[in-house]
Amino acid sequence: MSADVIVALDQGTTSSRALVFDRDSRIVAVAQKEFTQHYPVPGWVEHDPEEIWQTQKQTLDEALAEAGEVNVRAIGIANQRETVVVWDRNTGAPVYNAIVWQDRRTADTCRKMAAEDGVVAMVGDRTGLRLDPYFSATKAAWILNHVEGAREKAERGELAMGTVDSWLVWKLTGGKLHVTDESNASRSLLYNIHEHCWDDEMLELFGIPRSMLPKVCDSSGICGETSDGVPIAGMAGDQQAALFGQACFEKGMAKNTYGTGCFLLMHTGTDAVRSENDLLTTVAWRIRGVTEYALEGSVFMGGAVVQWLRDEMKMVETAAECSELAASVDDAGGLFLVPAFAGLGAPHWDPYARGVAVGMTRGTGRTQFCRAAIEAIAYQVNDLAECMVADSGVALEELRVDGGAARSDVLLQFQADLAQVDVVRPEVVETTALGAAYLAGLAVGFWDGREEIGRRWAKERVFDPAGDKEEVDGKVRGWRRAVERAKHWEEEKD
Ligand SMILES: Nc1ncnc2c1ncn2[C@@H]1O[C@H](COP(=O)(O)OP(=O)(O)O)[C@@H](O)[C@H]1O
Ligand SMILES: O=P(O)(O)OC[C@H](O)CO
């Protein structure tokens with residue numbers, strides 16, 4: 001008899017992955033494929049939607065082939081968020097490349113809109129977000145305004161838009177289903193997170209016809225079937241999926257994912273807590289019609305700074321080598337690297353910031369660059385953690401971590417020293433995929449409930465805070481001076 005399994009699709013910024021999980025939450029099979037990053041103009045980042053789909057489909061097929069005789073009970077999807085695809089409902093063809101969350105082309109549009117009386121407050125009140133190019137709305141509007149004939153087609157109801165989850169479901173169902181889940185919808189700037197609907201005033205503000213938008217579903221629940229008859233039963237933005245996979249189900253529980261970017265999310269229960277410290281209020285997930293929320297801090301360059309040292313600067317051959325070099329010294333010798341390559345996210349929200357390296361001396365070499373890169377990841381997350389503690393009024397009990405760069409012990413130790421909190425790496429670090437699998441599995445009765453999921457979560461290693469407080473404070477002061485030098489570098493355009 002073939003074993004029952006759940007398949008998770010983890011469509012990330014740099015790769016598409018498919019993982020097969022068994023009833024014990026063990027990974028039975030995994031496949032991964034990187035895809036092309038397009039940087040047509042400095043500050044722009046695009047993906048080819050067809051390549052996203054092809055790589056995702058290939059990994060799905062490969063993972064299933066590796067798993068052998070299995071019975072797939074359901075599919076769950078976790079995806080890079082905010083990245084927007086606009087396609088023709090009749091032909092199914094995208095009208096433009098996907099504009100990626102890191103893309104800053106709409107910075108000037110956002111700045112001008114924000115100058116209008118009351119707009120920033122209205123956007124924050126309704127969506128929980130900032131008027132920043134990070135989110136989907138201005139990216140979709142850019143496509144409508146720049147692709148010939150797109151706006152007219154959209155007005156006629158011929159175009160669909162969606163985040164990558166919507167695009168994958170559209171493809172998986174052979175163009176039958178145009179849906180998203182509430183966690184993804186909450187990243188668009190078009191969704192009212194309190195009234196749980198697309199917001200007419202936001203649609204008008206950004207010039208997006210309502211007919212383009214997907215139907216919003218629960219994050220856990222059968223929303224449809226693939227062309228092969230497998231239920232699609234879970235969908236969430238990858239950071240929310242990771243929060244679920246880390247079993248952060250209680251108010252105040254937090255996780256940080258160290259992927260391309262870094263995303264610190266704290267569960268706030270059924271309260272949409274408004275940040276006083278420049279964080280975002282976001283939907284964690286909606287299950288059986290009940291929405292739970294999270295506070296989020298988003299850092300745009302996390303593990304990607306290590307990739308940059310490897311691929312562009314050629315200072316190392318592998319990401320692991322960067323960590324090894326960083327671990328070989330106690331500090332960066334006064335060097336600070338602020339990787340504001342795509343502007344700065346929370347808490348600065350400065351799309352005009354650009355990368356800087358300051359504090360170089362004649363003794364600065366690649367080892368110091370590697371150390372400074374690893375430290376920069378931790379400094380950015382530490383800034384978010386401070387905001388989160390200030391917002392919630394309680395110290396973090398522990399910080400659960402995951403993502404590719406969470407493999408780096410030196411990073412996690414430095415994080416614990418900076419934030420003075422236990423940093424906990426779980427046994428299963430594939431928490432994004434696991435979260436998507438759990439959301440799908442719960443919907444089809446594969447797992448019993450959150451209690452069971454909580455019991456399954458297990459620590460692999462705890463990084464205890466160490467280090468001299470004064471020394472740490474001095475380093476943080478240095479980091480913040482360096483950040484000031486990165487801000488407002490790119491000139492604003494009219
Ligand atoms: N040993 C390591 N030390 C530091 N960073 C690492 C290490 N291994 C991988 N990374 C970083 O992790 C990132 C990939 O993480 P992943 O979670 O797969 O990203 P994403 O889901 O955003 O595509 C890359 O940016 C890479 O540089
Ligand atoms: O694909 P990741 O893991 O870098 O995550 C990207 C985020 O969802 C962007 O908000």
# chains A, B, ... in the order shown; residues from 1 in each chain; ligands from 1
$ closest_atom_pairs --of "range 267-368 of chain A" --to "range 208-225 of chain A" --cutoff "7 Å" --atoms "only C-alpha atoms" --output "CSV"
residue,atom,partner,partner_atom,distance
A:Trp285,CA,A:Ser219,CA,5.6
A:Arg286,CA,A:Asp218,CA,5.0
A:Ile287,CA,A:Asp218,CA,5.4
A:Arg288,CA,A:Asp218,CA,6.5
A:Gly289,CA,A:Asp218,CA,6.5
$ residues_around --residues "Gly343 in chain A" --least-positions-apart "4" --cutoff "8 Å" --atoms "only C-alpha atoms" --output "JSON, numbers by chain"
{"A": [104, 300, 349, 350, 351, 352, 353, 354, 355]}
$ write_last_selection --atoms "C-alpha atoms" --output "compact mmCIF listing (two decimals), in the first residue's frame"
# COMPACT_ATOMS: atom_id res chain seq x y z
CA ARG A 104 12.28 49.81 -6.48
CA PHE A 300 15.48 43.34 2.01
CA TRP A 349 11.72 52.49 4.77
CA ASP A 350 14.13 54.34 2.53
CA PRO A 351 13.94 53.17 -1.09
CA TYR A 352 16.66 55.72 -1.98
CA ALA A 353 19.30 54.19 0.34
CA ARG A 354 22.15 52.30 -1.34
CA GLY A 355 24.94 50.02 -0.12
$ residues_around --residues "Val41 in chain A" --least-positions-apart "5" --cutoff "12 Å" --atoms "only C-alpha atoms" --output "VMD selection string"
chain A and resid 46 103 to 105
$ residues_near_ligand --ligand "ligand 1" --cutoff "6 Å" --atoms "only C-alpha atoms and all ligand atoms" --output "JSON, numbers by chain"
{"A": [12, 13, 14, 15, 259, 260, 303, 304, 306, 307, 319, 320, 323, 403, 404, 405, 407, 408]}
$ residues_around --residues "Lys171 in chain A" --least-positions-apart "5" --cutoff "12 Å" --atoms "only C-alpha atoms" --output "mmCIF file with C-alpha atoms, in the first residue's frame"
data_model
loop_
_atom_site.group_PDB
_atom_site.id
_atom_site.type_symbol
_atom_site.label_atom_id
_atom_site.label_comp_id
_atom_site.auth_asym_id
_atom_site.auth_seq_id
_atom_site.Cartn_x
_atom_site.Cartn_y
_atom_site.Cartn_z
ATOM 1 C CA PRO A 49 6.557 33.934 -14.740
ATOM 2 C CA GLU A 50 6.801 31.014 -17.187
ATOM 3 C CA ILE A 52 8.792 30.267 -12.246
ATOM 4 C CA TRP A 53 6.068 27.848 -13.310
ATOM 5 C CA GLN A 54 8.392 25.549 -15.285
ATOM 6 C CA GLN A 56 8.133 24.686 -9.944
ATOM 7 C CA LYS A 57 6.515 21.995 -12.100
ATOM 8 C CA TRP A 87 -1.702 37.822 -17.251
ATOM 9 C CA ARG A 89 -7.303 35.550 -18.817
ATOM 10 C CA THR A 91 -4.538 33.177 -23.431
ATOM 11 C CA GLY A 92 -3.022 32.629 -19.972
ATOM 12 C CA ALA A 93 0.064 34.552 -21.126
ATOM 13 C CA PRO A 94 1.737 37.063 -18.800
ATOM 14 C CA VAL A 164 2.974 34.022 -7.163
ATOM 15 C CA ASP A 165 0.537 31.768 -5.253
ATOM 16 C CA SER A 166 -2.293 32.897 -7.570
ATOM 17 C CA LYS A 176 -9.599 27.264 -14.003
ATOM 18 C CA LEU A 177 -8.964 28.983 -10.675
ATOM 19 C CA HIS A 178 -7.960 32.555 -9.840
ATOM 20 C CA VAL A 179 -7.513 32.684 -6.060
ATOM 21 C CA GLU A 225 -8.010 20.721 -7.330
ATOM 22 C CA THR A 226 -5.034 20.417 -9.643
ATOM 23 C CA SER A 227 -5.648 19.154 -13.176
ATOM 24 C CA ASP A 228 -4.634 15.707 -11.793
#
$ closest_atom_pairs --of "chain A" --to "ligand 2" --cutoff "9 Å" --atoms "only C-alpha atoms and all ligand atoms" --output "CSV"
residue,atom,partner,partner_atom_place_in_ligand_line,distance
A:Asp10,CA,ligand 2,1 (O),8.4
A:Gln11,CA,ligand 2,1 (O),6.8
A:Gly12,CA,ligand 2,1 (O),3.4
A:Thr13,CA,ligand 2,1 (O),3.8
A:Thr14,CA,ligand 2,1 (O),6.7
A:Ser15,CA,ligand 2,1 (O),7.9
A:Ala78,CA,ligand 2,8 (O),8.8
A:Asn79,CA,ligand 2,8 (O),6.5
A:Gln80,CA,ligand 2,8 (O),3.8
A:Arg81,CA,ligand 2,8 (O),4.0
A:Glu82,CA,ligand 2,10 (O),6.1
A:Thr83,CA,ligand 2,9 (C),7.7
A:Val100,CA,ligand 2,9 (C),8.6
A:Trp101,CA,ligand 2,9 (C),5.9
A:Gln102,CA,ligand 2,9 (C),7.7
A:Tyr134,CA,ligand 2,10 (O),7.9
A:Phe135,CA,ligand 2,10 (O),8.3
A:Arg187,CA,ligand 2,10 (O),8.1
A:Gly237,CA,ligand 2,8 (O),6.1
A:Asp238,CA,ligand 2,8 (O),5.3
A:Gln239,CA,ligand 2,8 (O),5.7
A:Gln240,CA,ligand 2,8 (O),8.6
A:Thr257,CA,ligand 2,3 (O),7.5
A:Tyr258,CA,ligand 2,3 (O),7.8
A:Gly259,CA,ligand 2,3 (O),4.9
A:Thr260,CA,ligand 2,4 (O),4.2
A:Gly261,CA,ligand 2,4 (O),5.1
A:Cys262,CA,ligand 2,4 (O),7.5
A:Phe263,CA,ligand 2,7 (C),7.4
A:Ser298,CA,ligand 2,10 (O),7.1
A:Val299,CA,ligand 2,10 (O),8.8
A:Phe300,CA,ligand 2,9 (C),7.8
A:Met301,CA,ligand 2,4 (O),8.9
A:Gly302,CA,ligand 2,4 (O),8.6
A:Gly303,CA,ligand 2,4 (O),8.7
A:Ala304,CA,ligand 2,4 (O),8.7
A:Gly403,CA,ligand 2,3 (O),7.3
A:Gly404,CA,ligand 2,3 (O),8.8
A:Thr432,CA,ligand 2,3 (O),8.2
$ atom_distance --atom1 "CA of Val7 in chain A" --atom2 "CA of Gly245 in chain A"
14.2 Å
$ select_by_dssp --residues "range 216-384 of chain A" --states "strand (DSSP E or B)" --output "number ranges by chain"
A: 216-217, 220-225, 231-237, 254-258, 262-267, 280-287, 290-299, 336-338, 341, 343-344, 350, 356-358
$ write_last_selection --atoms "C-alpha atoms" --output "PDB file, in the first residue's frame"
ATOM      1  CA  VAL A 216      -9.520  35.460  -1.359  1.00  0.00           C
ATOM      2  CA  CYS A 217      -9.547  32.053   0.373  1.00  0.00           C
ATOM      3  CA  SER A 220      -5.900  26.324   5.243  1.00  0.00           C
ATOM      4  CA  GLY A 221      -8.841  24.822   3.353  1.00  0.00           C
ATOM      5  CA  ILE A 222      -9.477  23.145   0.035  1.00  0.00           C
ATOM      6  CA  CYS A 223      -9.684  25.918  -2.557  1.00  0.00           C
ATOM      7  CA  GLY A 224      -9.653  23.660  -5.609  1.00  0.00           C
ATOM      8  CA  GLU A 225      -8.010  20.721  -7.330  1.00  0.00           C
ATOM      9  CA  PRO A 231      -6.664  19.041  -3.553  1.00  0.00           C
ATOM     10  CA  ILE A 232      -4.881  22.382  -3.179  1.00  0.00           C
ATOM     11  CA  ALA A 233      -5.522  22.822   0.510  1.00  0.00           C
ATOM     12  CA  GLY A 234      -2.968  25.300   1.878  1.00  0.00           C
ATOM     13  CA  MET A 235      -1.653  28.646   0.715  1.00  0.00           C
ATOM     14  CA  ALA A 236       0.320  31.329   2.512  1.00  0.00           C
ATOM     15  CA  GLY A 237       3.052  33.856   1.978  1.00  0.00           C
ATOM     16  CA  ALA A 254       8.445  35.072  17.062  1.00  0.00           C
ATOM     17  CA  LYS A 255      10.569  33.664  14.278  1.00  0.00           C
ATOM     18  CA  ASN A 256      13.151  35.095  11.945  1.00  0.00           C
ATOM     19  CA  THR A 257      13.840  33.632   8.526  1.00  0.00           C
ATOM     20  CA  TYR A 258      17.298  34.267   7.076  1.00  0.00           C
ATOM     21  CA  CYS A 262      15.260  38.555   6.623  1.00  0.00           C
ATOM     22  CA  PHE A 263      11.763  38.545   7.970  1.00  0.00           C
ATOM     23  CA  LEU A 264      10.978  38.746  11.668  1.00  0.00           C
ATOM     24  CA  LEU A 265       7.350  37.954  12.475  1.00  0.00           C
ATOM     25  CA  MET A 266       5.653  37.942  15.863  1.00  0.00           C
ATOM     26  CA  HIS A 267       2.246  36.347  16.307  1.00  0.00           C
ATOM     27  CA  LEU A 280       4.022  46.239   9.492  1.00  0.00           C
ATOM     28  CA  THR A 281       0.740  44.746  10.598  1.00  0.00           C
ATOM     29  CA  THR A 282       0.020  41.714   8.505  1.00  0.00           C
ATOM     30  CA  VAL A 283      -2.317  38.746   8.284  1.00  0.00           C
ATOM     31  CA  ALA A 284      -0.610  35.631   9.646  1.00  0.00           C
ATOM     32  CA  TRP A 285      -3.275  33.312   8.231  1.00  0.00           C
ATOM     33  CA  ARG A 286      -7.019  32.876   8.005  1.00  0.00           C
ATOM     34  CA  ILE A 287      -8.394  29.491   8.995  1.00  0.00           C
ATOM     35  CA  VAL A 290     -10.869  33.421  11.566  1.00  0.00           C
ATOM     36  CA  THR A 291      -7.975  35.770  10.899  1.00  0.00           C
ATOM     37  CA  GLU A 292      -4.858  35.855  13.054  1.00  0.00           C
ATOM     38  CA  TYR A 293      -2.301  38.617  12.718  1.00  0.00           C
ATOM     39  CA  ALA A 294       1.411  39.251  13.068  1.00  0.00           C
ATOM     40  CA  LEU A 295       3.753  42.178  13.460  1.00  0.00           C
ATOM     41  CA  GLU A 296       6.486  42.035  10.841  1.00  0.00           C
ATOM     42  CA  GLY A 297       9.851  43.588  10.238  1.00  0.00           C
ATOM     43  CA  SER A 298      11.189  43.098   6.699  1.00  0.00           C
ATOM     44  CA  VAL A 299      14.847  43.405   5.755  1.00  0.00           C
ATOM     45  CA  PHE A 336      30.672  48.007   8.530  1.00  0.00           C
ATOM     46  CA  LEU A 337      28.851  46.862   5.420  1.00  0.00           C
ATOM     47  CA  VAL A 338      25.320  48.207   4.954  1.00  0.00           C
ATOM     48  CA  PHE A 341      21.328  47.374  -2.421  1.00  0.00           C
ATOM     49  CA  GLY A 343      17.019  50.445  -0.389  1.00  0.00           C
ATOM     50  CA  LEU A 344      16.263  49.852   3.273  1.00  0.00           C
ATOM     51  CA  ASP A 350      14.131  54.340   2.533  1.00  0.00           C
ATOM     52  CA  VAL A 356      27.991  51.363   1.688  1.00  0.00           C
ATOM     53  CA  ALA A 357      31.141  49.918   3.246  1.00  0.00           C
ATOM     54  CA  VAL A 358      32.708  52.221   5.834  1.00  0.00           C
TER      55      VAL A 358
END
